[in-house]
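**Q** For reference, the file data_27.cif (mmCIF, C-alpha atoms) is included below:
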```cif
data_model
loop_
_atom_site.group_PDB
_atom_site.id
_atom_site.type_symbol
_atom_site.label_atom_id
_atom_site.label_comp_id
_atom_site.auth_asym_id
_atom_site.auth_seq_id
_atom_site.Cartn_x
_atom_site.Cartn_y
_atom_site.Cartn_z
ATOM 1 C CA MET A 1 118.285 -18.282 3.815
ATOM 2 C CA ARG A 2 121.229 -19.948 2.177
ATOM 3 C CA THR A 3 121.061 -20.422 -1.593
ATOM 4 C CA SER A 4 121.143 -24.068 -2.578
ATOM 5 C CA VAL A 5 124.120 -25.484 -4.361
ATOM 6 C CA ILE A 6 121.947 -26.510 -7.309
ATOM 7 C CA THR A 7 120.622 -22.938 -7.753
ATOM 8 C CA ARG A 8 124.111 -21.433 -7.645
ATOM 9 C CA PHE A 9 125.344 -24.032 -10.111
ATOM 10 C CA ALA A 10 122.449 -23.265 -12.434
ATOM 11 C CA LYS A 11 123.204 -19.544 -12.332
ATOM 12 C CA ASN A 12 126.909 -20.130 -12.993
ATOM 13 C CA ASP A 13 126.063 -22.524 -15.783
ATOM 14 C CA ARG A 14 123.757 -19.988 -17.434
ATOM 15 C CA ALA A 15 126.467 -17.320 -17.215
ATOM 16 C CA PHE A 16 129.041 -19.710 -18.599
ATOM 17 C CA SER A 17 126.679 -20.784 -21.373
ATOM 18 C CA GLY A 18 126.184 -17.129 -22.357
ATOM 19 C CA ARG A 19 129.905 -16.514 -22.506
ATOM 20 C CA ARG A 20 130.382 -19.743 -24.426
ATOM 21 C CA ARG A 21 127.786 -18.774 -27.029
ATOM 22 C CA ILE A 22 129.384 -15.353 -27.498
ATOM 23 C CA ALA A 23 132.844 -16.916 -27.919
ATOM 24 C CA THR A 24 131.489 -19.484 -30.368
ATOM 25 C CA VAL A 25 129.770 -16.812 -32.483
ATOM 26 C CA ALA A 26 132.928 -14.669 -32.475
ATOM 27 C CA ALA A 27 135.093 -17.612 -33.550
ATOM 28 C CA THR A 28 132.654 -18.493 -36.326
ATOM 29 C CA VAL A 29 132.655 -14.920 -37.636
ATOM 30 C CA VAL A 30 136.463 -14.771 -37.648
ATOM 31 C CA LEU A 31 136.780 -18.100 -39.441
ATOM 32 C CA ALA A 32 134.119 -17.163 -42.000
ATOM 33 C CA GLY A 33 135.870 -13.856 -42.665
ATOM 34 C CA GLY A 34 139.184 -15.606 -43.189
ATOM 35 C CA VAL A 35 137.743 -18.154 -45.603
ATOM 36 C CA GLN A 36 135.873 -15.474 -47.537
ATOM 37 C CA LEU A 37 138.991 -13.352 -47.807
ATOM 38 C CA LEU A 38 140.930 -16.299 -49.157
ATOM 39 C CA ALA A 39 138.231 -16.967 -51.742
ATOM 40 C CA THR A 40 138.166 -13.432 -53.118
ATOM 41 C CA ASP A 41 140.590 -11.879 -55.598
ATOM 42 C CA THR A 42 142.363 -8.532 -55.357
ATOM 43 C CA ALA A 43 139.631 -6.600 -57.142
ATOM 44 C CA TRP A 44 138.228 -5.279 -53.868
ATOM 45 C CA ALA A 45 141.477 -3.425 -53.227
ATOM 46 C CA CYS A 46 141.554 -1.837 -56.705
ATOM 47 C CA GLY A 47 140.647 1.719 -57.451
ATOM 48 C CA ASP A 48 142.948 2.395 -60.383
ATOM 49 C CA HIS A 49 142.038 5.806 -61.745
ATOM 50 C CA ARG A 50 143.984 5.095 -64.962
ATOM 51 C CA LEU A 51 141.718 2.361 -66.348
ATOM 52 C CA ASN A 52 138.887 4.471 -67.755
ATOM 53 C CA GLY A 53 140.886 6.601 -70.153
ATOM 54 C CA ALA A 54 143.064 9.645 -69.577
ATOM 55 C CA TYR A 55 142.319 10.813 -66.038
ATOM 56 C CA GLU A 56 141.930 14.555 -65.389
ATOM 57 C CA ALA A 57 142.773 15.663 -61.875
ATOM 58 C CA PRO A 58 140.749 18.397 -60.156
ATOM 59 C CA SER A 59 142.302 21.839 -60.535
ATOM 60 C CA ASN A 60 141.319 23.122 -57.084
ATOM 61 C CA VAL A 61 143.243 20.551 -55.016
ATOM 62 C CA PRO A 62 146.778 21.541 -53.983
ATOM 63 C CA GLY A 63 149.674 19.137 -53.552
ATOM 64 C CA LEU A 64 148.772 16.704 -56.323
ATOM 65 C CA SER A 65 151.342 14.655 -58.222
ATOM 66 C CA PRO A 66 152.637 16.066 -61.518
ATOM 67 C CA ASP A 67 150.521 15.551 -64.635
ATOM 68 C CA THR A 68 151.414 12.798 -67.111
ATOM 69 C CA ALA A 69 150.656 12.372 -70.822
ATOM 70 C CA ILE A 70 151.688 9.842 -73.467
ATOM 71 C CA VAL A 71 153.139 11.876 -76.343
ATOM 72 C CA SER A 72 154.506 9.078 -78.530
ATOM 73 C CA ALA A 73 153.660 5.368 -78.837
ATOM 74 C CA LYS A 74 152.812 2.867 -81.556
ATOM 75 C CA SER A 75 149.166 2.174 -82.300
ATOM 76 C CA SER A 76 149.910 -1.438 -83.248
ATOM 77 C CA VAL A 77 152.572 -3.876 -82.023
ATOM 78 C CA VAL A 78 153.523 -7.500 -82.655
ATOM 79 C CA ALA A 79 153.859 -9.999 -79.830
ATOM 80 C CA ASP A 80 157.261 -11.304 -80.921
ATOM 81 C CA GLY A 81 159.590 -9.961 -78.218
ATOM 82 C CA SER A 82 160.511 -6.776 -80.095
ATOM 83 C CA TRP A 83 160.787 -3.458 -78.240
ATOM 84 C CA ASN A 84 158.217 -0.684 -78.535
ATOM 85 C CA GLU A 85 159.106 2.792 -77.219
ATOM 86 C CA VAL A 86 156.743 5.033 -75.286
ATOM 87 C CA SER A 87 157.493 8.711 -74.607
ATOM 88 C CA VAL A 88 155.863 10.159 -71.506
ATOM 89 C CA LYS A 89 155.687 13.886 -70.722
ATOM 90 C CA VAL A 90 155.558 14.875 -67.052
ATOM 91 C CA THR A 91 154.532 18.416 -66.079
ATOM 92 C CA ASN A 92 154.859 20.006 -62.649
ATOM 93 C CA LYS A 93 152.298 22.822 -62.566
ATOM 94 C CA ALA A 94 152.943 23.646 -58.920
ATOM 95 C CA ALA A 95 154.819 26.741 -57.803
ATOM 96 C CA GLU A 96 157.269 24.582 -55.856
ATOM 97 C CA ASP A 97 159.650 21.776 -56.732
ATOM 98 C CA ALA A 98 158.301 18.218 -56.909
ATOM 99 C CA HIS A 99 160.534 16.050 -54.730
ATOM 100 C CA GLY A 100 160.612 12.286 -55.116
ATOM 101 C CA MET A 101 158.784 12.423 -58.455
ATOM 102 C CA GLU A 102 158.680 9.063 -60.273
ATOM 103 C CA PRO A 103 157.010 8.196 -63.633
ATOM 104 C CA PHE A 104 155.183 4.876 -64.009
ATOM 105 C CA LEU A 105 153.975 2.733 -66.909
ATOM 106 C CA GLY A 106 151.443 -0.095 -66.758
ATOM 107 C CA ILE A 107 149.972 -2.460 -69.353
ATOM 108 C CA HIS A 108 146.279 -3.265 -69.031
ATOM 109 C CA THR A 109 144.423 -6.003 -70.910
ATOM 110 C CA PRO A 110 140.788 -4.912 -71.346
ATOM 111 C CA GLY A 111 137.879 -7.341 -71.370
ATOM 112 C CA SER A 112 137.420 -10.589 -69.475
ATOM 113 C CA GLY A 113 139.163 -13.127 -71.700
ATOM 114 C CA ALA A 114 142.863 -13.890 -72.021
ATOM 115 C CA ALA A 115 145.238 -11.348 -70.473
ATOM 116 C CA ALA A 116 148.926 -10.522 -70.744
ATOM 117 C CA ARG A 117 150.840 -12.250 -67.926
ATOM 118 C CA LEU A 118 153.952 -11.288 -66.022
ATOM 119 C CA LYS A 119 156.036 -13.710 -68.072
ATOM 120 C CA ASP A 120 154.751 -12.154 -71.305
ATOM 121 C CA VAL A 121 155.732 -8.556 -70.524
ATOM 122 C CA LYS A 122 159.091 -6.788 -70.239
ATOM 123 C CA ILE A 123 159.475 -3.063 -69.538
ATOM 124 C CA GLN A 124 162.593 -0.882 -69.523
ATOM 125 C CA TYR A 125 163.241 2.752 -68.600
ATOM 126 C CA GLU A 126 165.839 5.090 -70.098
ATOM 127 C CA ASP A 127 167.714 6.645 -67.180
ATOM 128 C CA TYR A 128 169.510 9.988 -67.099
ATOM 129 C CA THR A 129 172.676 8.450 -68.598
ATOM 130 C CA GLY A 130 170.795 7.237 -71.686
ATOM 131 C CA ALA A 131 171.060 3.585 -70.676
ATOM 132 C CA TRP A 132 168.034 1.304 -70.622
ATOM 133 C CA LYS A 133 167.223 0.037 -67.151
ATOM 134 C CA ASN A 134 165.378 -3.241 -66.567
ATOM 135 C CA LEU A 135 162.311 -2.696 -64.393
ATOM 136 C CA GLN A 136 160.782 -5.139 -61.954
ATOM 137 C CA LEU A 137 157.129 -5.938 -62.610
ATOM 138 C CA LEU A 138 154.195 -6.925 -60.444
ATOM 139 C CA ASP A 139 150.785 -8.387 -61.175
ATOM 140 C CA GLY A 140 148.555 -5.438 -60.335
ATOM 141 C CA CYS A 141 144.804 -5.197 -59.932
ATOM 142 C CA SER A 142 142.226 -5.464 -62.710
ATOM 143 C CA ARG A 143 144.427 -7.284 -65.263
ATOM 144 C CA VAL A 144 147.253 -4.733 -65.121
ATOM 145 C CA VAL A 145 150.980 -5.522 -65.281
ATOM 146 C CA ASP A 146 152.680 -2.659 -63.449
ATOM 147 C CA ILE A 147 156.246 -1.632 -62.714
ATOM 148 C CA THR A 148 157.361 -1.354 -59.097
ATOM 149 C CA GLY A 149 159.181 1.921 -59.828
ATOM 150 C CA SER A 150 161.459 3.676 -62.312
ATOM 151 C CA GLN A 151 163.722 6.427 -60.930
ATOM 152 C CA ARG A 152 162.914 9.027 -58.308
ATOM 153 C CA GLN A 153 164.072 12.541 -59.037
ATOM 154 C CA ARG A 154 163.327 16.203 -58.399
ATOM 155 C CA MET A 155 161.392 18.331 -60.862
ATOM 156 C CA ALA A 156 161.570 22.108 -60.741
ATOM 157 C CA ALA A 157 158.441 24.188 -60.264
ATOM 158 C CA ASN A 158 156.440 25.042 -63.391
ATOM 159 C CA SER A 159 158.519 22.768 -65.596
ATOM 160 C CA SER A 160 158.110 19.641 -67.708
ATOM 161 C CA ALA A 161 160.297 16.809 -68.945
ATOM 162 C CA THR A 162 159.936 13.837 -71.289
ATOM 163 C CA PHE A 163 160.872 10.318 -70.195
ATOM 164 C CA LYS A 164 161.135 7.154 -72.271
ATOM 165 C CA PHE A 165 159.957 3.626 -71.591
ATOM 166 C CA ARG A 166 159.956 0.626 -73.853
ATOM 167 C CA TYR A 167 158.065 -2.635 -73.556
ATOM 168 C CA SER A 168 157.819 -5.980 -75.320
ATOM 169 C CA LEU A 169 155.261 -8.763 -75.511
ATOM 170 C CA ALA A 170 156.655 -12.281 -75.773
ATOM 171 C CA ALA A 171 155.772 -14.598 -78.638
ATOM 172 C CA GLY A 172 154.015 -16.794 -76.068
ATOM 173 C CA THR A 173 151.480 -14.087 -75.207
ATOM 174 C CA PRO A 174 147.990 -15.651 -75.372
ATOM 175 C CA ALA A 175 146.459 -15.338 -78.841
ATOM 176 C CA GLY A 176 143.318 -13.908 -77.254
ATOM 177 C CA VAL A 177 145.225 -10.757 -76.301
ATOM 178 C CA THR A 178 144.414 -8.523 -79.254
ATOM 179 C CA THR A 179 144.336 -5.148 -77.477
ATOM 180 C CA ILE A 180 146.225 -3.559 -74.602
ATOM 181 C CA ASP A 181 146.012 -0.184 -72.881
ATOM 182 C CA LEU A 182 149.131 1.778 -71.968
ATOM 183 C CA LEU A 183 148.712 3.489 -68.578
ATOM 184 C CA ALA A 184 151.120 6.324 -67.729
ATOM 185 C CA SER A 185 151.162 8.155 -64.408
ATOM 186 C CA THR A 186 153.515 9.918 -62.002
ATOM 187 C CA GLU A 187 153.806 9.508 -58.260
ATOM 188 C CA MET A 188 155.359 11.936 -55.818
ATOM 189 C CA ALA A 189 156.388 11.615 -52.181
ATOM 190 C CA GLY A 190 153.830 13.281 -49.909
ATOM 191 C CA SER A 191 151.313 13.782 -52.703
ATOM 192 C CA GLN A 192 147.707 14.606 -51.851
ATOM 193 C CA GLY A 193 146.426 12.672 -54.858
ATOM 194 C CA PRO A 194 147.174 11.711 -58.470
ATOM 195 C CA GLY A 195 147.611 14.200 -61.261
ATOM 196 C CA ASP A 196 146.487 13.739 -64.857
ATOM 197 C CA SER A 197 147.317 10.325 -66.304
ATOM 198 C CA GLY A 198 148.077 9.147 -69.847
ATOM 199 C CA PHE A 199 146.140 6.455 -71.714
ATOM 200 C CA LYS A 200 146.573 4.863 -75.146
ATOM 201 C CA THR A 201 144.947 1.792 -76.693
ATOM 202 C CA VAL A 202 147.269 -0.404 -78.776
ATOM 203 C CA LYS A 203 146.331 -3.207 -81.176
ATOM 204 C CA VAL A 204 148.269 -6.461 -80.719
ATOM 205 C CA THR A 205 148.987 -8.933 -83.520
ATOM 206 C CA HIS A 206 150.764 -12.258 -83.215
ATOM 207 C CA PRO A 207 153.508 -13.809 -85.379
ATOM 208 C CA GLN A 208 151.105 -16.409 -86.768
ATOM 209 C CA ASP A 209 148.828 -13.593 -87.887
ATOM 210 C CA THR A 210 151.541 -11.739 -89.830
ATOM 211 C CA ALA A 211 153.523 -14.656 -91.287
ATOM 212 C CA GLY A 212 153.245 -14.785 -95.104
ATOM 213 C CA THR A 213 153.336 -17.870 -97.276
ATOM 214 C CA GLN A 214 156.628 -18.694 -99.048
ATOM 215 C CA PRO A 215 156.475 -18.567 -102.900
ATOM 216 C CA THR A 216 156.679 -21.986 -104.548
ATOM 217 C CA THR A 217 158.691 -22.755 -107.706
ATOM 218 C CA PRO A 218 156.596 -24.510 -110.395
ATOM 219 C CA ALA A 219 157.828 -28.004 -111.241
ATOM 220 C CA LYS A 220 159.539 -28.501 -114.600
ATOM 221 C CA PRO A 221 157.646 -30.707 -117.047
ATOM 222 C CA THR A 222 159.154 -34.163 -117.438
ATOM 223 C CA PRO A 223 159.575 -35.708 -120.905
ATOM 224 C CA THR A 224 157.092 -38.452 -121.850
ATOM 225 C CA LYS A 225 157.832 -41.779 -123.476
ATOM 226 C CA ASP A 226 156.346 -40.623 -126.781
ATOM 227 C CA THR A 227 158.883 -37.841 -127.180
ATOM 228 C CA LYS A 228 160.804 -38.382 -130.431
ATOM 229 C CA PRO A 229 164.589 -38.075 -130.348
ATOM 230 C CA ALA A 230 166.016 -34.985 -131.972
ATOM 231 C CA PRO A 231 168.050 -35.395 -135.130
ATOM 232 C CA ALA A 232 171.746 -35.995 -134.701
ATOM 233 C CA LYS A 233 173.976 -32.942 -134.520
ATOM 234 C CA PRO A 234 177.695 -32.514 -135.010
ATOM 235 C CA ALA A 235 179.895 -33.470 -132.064
ATOM 236 C CA ALA A 236 180.829 -29.851 -131.278
ATOM 237 C CA GLU A 237 177.197 -28.774 -131.116
ATOM 238 C CA GLN A 238 176.285 -31.831 -129.012
ATOM 239 C CA THR A 239 178.971 -30.852 -126.490
ATOM 240 C CA LYS A 240 177.566 -27.317 -126.234
ATOM 241 C CA ASP A 241 174.011 -28.577 -125.877
ATOM 242 C CA THR A 242 175.011 -31.036 -123.197
ATOM 243 C CA ALA A 243 176.728 -28.328 -121.177
ATOM 244 C CA ALA A 244 173.729 -26.008 -121.551
ATOM 245 C CA ALA A 245 171.246 -28.754 -120.668
ATOM 246 C CA ALA A 246 173.088 -29.759 -117.505
ATOM 247 C CA PRO A 247 170.902 -28.690 -114.546
ATOM 248 C CA ALA A 248 172.441 -25.975 -112.409
ATOM 249 C CA PRO A 249 172.752 -26.728 -108.697
ATOM 250 C CA LYS A 250 169.754 -25.465 -106.760
ATOM 251 C CA PRO A 251 170.529 -22.592 -104.420
ATOM 252 C CA THR A 252 170.143 -23.498 -100.792
ATOM 253 C CA THR A 253 167.590 -21.466 -98.855
ATOM 254 C CA PRO A 254 169.060 -20.247 -95.569
ATOM 255 C CA SER A 255 166.980 -21.175 -92.582
ATOM 256 C CA ALA A 256 165.297 -18.317 -90.768
ATOM 257 C CA ALA A 257 167.117 -17.113 -87.707
ATOM 258 C CA PRO A 258 165.235 -17.668 -84.436
ATOM 259 C CA ALA A 259 163.382 -14.629 -83.146
ATOM 260 C CA THR A 260 165.019 -12.889 -80.243
ATOM 261 C CA THR A 261 163.240 -11.226 -77.364
ATOM 262 C CA ALA A 262 165.553 -8.225 -77.245
ATOM 263 C CA PRO A 263 168.193 -6.513 -79.398
ATOM 264 C CA ALA A 264 171.691 -7.945 -79.318
ATOM 265 C CA GLY A 265 173.655 -7.003 -76.242
ATOM 266 C CA THR A 266 170.592 -6.297 -74.133
ATOM 267 C CA PRO A 267 171.097 -7.793 -70.674
ATOM 268 C CA GLU A 268 168.546 -10.237 -69.401
ATOM 269 C CA LEU A 269 165.690 -8.630 -67.487
ATOM 270 C CA ALA A 270 165.445 -9.145 -63.764
ATOM 271 C CA GLN A 271 162.843 -11.600 -62.546
ATOM 272 C CA THR A 272 159.489 -10.097 -61.750
ATOM 273 C CA GLY A 273 158.360 -9.591 -58.182
ATOM 274 C CA SER A 274 155.235 -10.876 -56.542
ATOM 275 C CA SER A 275 152.163 -8.798 -55.913
ATOM 276 C CA SER A 276 152.273 -7.032 -52.593
ATOM 277 C CA THR A 277 148.468 -7.020 -52.530
ATOM 278 C CA ASN A 278 148.311 -10.805 -52.819
ATOM 279 C CA THR A 279 150.860 -11.179 -50.036
ATOM 280 C CA PHE A 280 148.761 -8.940 -47.787
ATOM 281 C CA LEU A 281 145.629 -10.960 -48.539
ATOM 282 C CA ALA A 282 147.331 -14.272 -47.792
ATOM 283 C CA ALA A 283 148.806 -13.008 -44.511
ATOM 284 C CA SER A 284 145.489 -11.505 -43.396
ATOM 285 C CA SER A 285 143.609 -14.692 -44.195
ATOM 286 C CA ALA A 286 146.106 -16.836 -42.299
ATOM 287 C CA LEU A 287 145.861 -14.539 -39.272
ATOM 288 C CA LEU A 288 142.066 -14.640 -39.261
ATOM 289 C CA LEU A 289 142.040 -18.424 -39.551
ATOM 290 C CA ALA A 290 144.520 -18.744 -36.700
ATOM 291 C CA LEU A 291 142.453 -16.452 -34.452
ATOM 292 C CA GLY A 292 139.271 -18.368 -35.208
ATOM 293 C CA ALA A 293 140.881 -21.721 -34.524
ATOM 294 C CA GLY A 294 142.324 -20.416 -31.252
ATOM 295 C CA ALA A 295 138.920 -19.159 -30.143
ATOM 296 C CA LEU A 296 137.299 -22.528 -30.805
ATOM 297 C CA ILE A 297 140.017 -24.348 -28.834
ATOM 298 C CA ALA A 298 139.502 -21.953 -25.914
ATOM 299 C CA VAL A 299 135.732 -22.625 -25.942
ATOM 300 C CA ARG A 300 136.292 -26.374 -25.841
ATOM 301 C CA ARG A 301 138.689 -26.084 -22.913
ATOM 302 C CA LEU A 302 136.191 -23.960 -20.950
ATOM 303 C CA ARG A 303 133.520 -26.542 -21.674
ATOM 304 C CA ARG A 304 135.697 -29.332 -20.222
ATOM 305 C CA GLN A 305 136.468 -27.301 -17.065
ATOM 306 C CA HIS A 306 132.751 -26.828 -16.333
#
```
Re-express the file's structure as structure tokens.
**A**
Amino acid sequence: MRTSVITRFAKNDRAFSGRRRIATVAATVVLAGGVQLLATDTAWACGDHRLNGAYEAPSNVPGLSPDTAIVSAKSSVVADGSWNEVSVKVTNKAAEDAHGMEPFLGIHTPGSGAAARLKDVKIQYEDYTGAWKNLQLLDGCSRVVDITGSQRQRMAANSSATFKFRYSLAAGTPAGVTTIDLLASTEMAGSQGPGDSGFKTVKVTHPQDTAGTQPTTPAKPTPTKDTKPAPAKPAAEQTKDTAAAAPAPKPTTPSAAPATTAPAGTPELAQTGSSSTNTFLAASSALLLALGAGALIAVRRLRRQH
């Protein structure tokens, strides 16, 4: 017995409806994922082992990056653009050379209030020639301003070396930034994990906090109307008294020189780079949104065809 056209159409329509529902659900999930990814920050991608104090790497894992420690740094700095040096000691405990070893320095603002921004921070590295090298910065995770790299080099087995960084905080750093953490670490090509990291908390003061008041000169008393004239003196003595009484010209107070953000002769720092994590998030979100929109358009076209 031949199946009626209506029955076949109903079966095809049910199959099409099932496929349409699946496509609609898939498109909705993709779009929702894209919107949610756009709405989130980069905290999900963070796992910075340096943030909770000096990190100690496990001793039974081979192939780790060299250990790092901060051996010299100020405990208090002023946010006025002046340079503050940081000495970092890197130790390769492995029995083989560390190839592609590279020390890093980051500045973390603890808490949840105001934080140091990319435009507030400058970091330099002293290279092997003794010259200070301007480092490019990026806005890292968890309120950290990081460098993109310093200088890759080889470190001999069972050896250590000390490297120098210096950083400055601009006068425009938010007044709420009263403490920063210095984060020192070392990366190595082909490493199986991080080695020990350095950590130091630094107090931050601002120019308005340290500026003192200028001393004021007390005003000279002015003669009153009731003052009686002094008795007449000989002409020679009057001439001497007149010369002595003549007010001396007031010394001019030189105006304070504007604060500079770096010592004289220091070249301007390179502009900071954007966060690679943020770029990845934006690209992923755009891709998910495009896929979701394409799926919805395909569902509508299938609906018109049937």
**Q** Applying the PyMOL selection byres ((chain A and resi 201) around 6) to the file I just gave you, which residues come out? Please list them as an NGL selection string.
**A** :A and (180-181 or 200 or 202)
**Q** Taking all atoms listed in the file into account, which of A:Ala298, A:Ala170, A:Ile107, A:Ala293 comes nearest Cys141 (chain A)?
**A**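 The closest residue to Cys141 (chain A) is A:Ile107.
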**Q** Check what the PyMOL selection byres ((chain A and resi 169) around 6) selects in the file above and give those residues as a ChimeraX atom specification.
**A** /A:79,81,120-121,168,170
**Q** Choose the residue, out of A:Asp80, A:Leu137, A:Asp127, A:Phe199, that has the smallest atom-to-atom separation from Ala175 (chain A); count all atoms listed in the file.
**A**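 The closest residue to Ala175 (chain A) is A:Asp80.
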**Q** Tell me which protein, DNA and RNA residues are within 12 Å of Thr179 (chain A), counting all atoms listed in the file, leaving out same-chain ones fewer than 2 positions away, and put them as an MDAnalysis selection string.
**A** chainID A and resid 75:79 107:116 169 173:177 181:182 200:206
**Q** Looking at only C-alpha atoms, which of A:Val144, A:Ile297, A:Val71, A:Ile123 is the one that sits closest to Asp48 (chain A)?
**A**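 Ranking A:Val144, A:Ile297, A:Val71, A:Ile123 by distance to Asp48 (chain A), first place goes to A:Val144.
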**Q** Closest to Pro194 (chain A) among A:Glu102, A:Ile70, A:Gly149, A:Asn84, using all atoms listed in the file?
**A**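 Looking only at the distances to Pro194 (chain A), the closest residue turns out to be A:Glu102.
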**Q** With all atoms listed in the file as the basis for distance, which of A:Phe165, A:Tyr55, A:Tyr125, A:Trp132 is at the shortest distance from Gln151 (chain A)?
**A** A:Tyr125
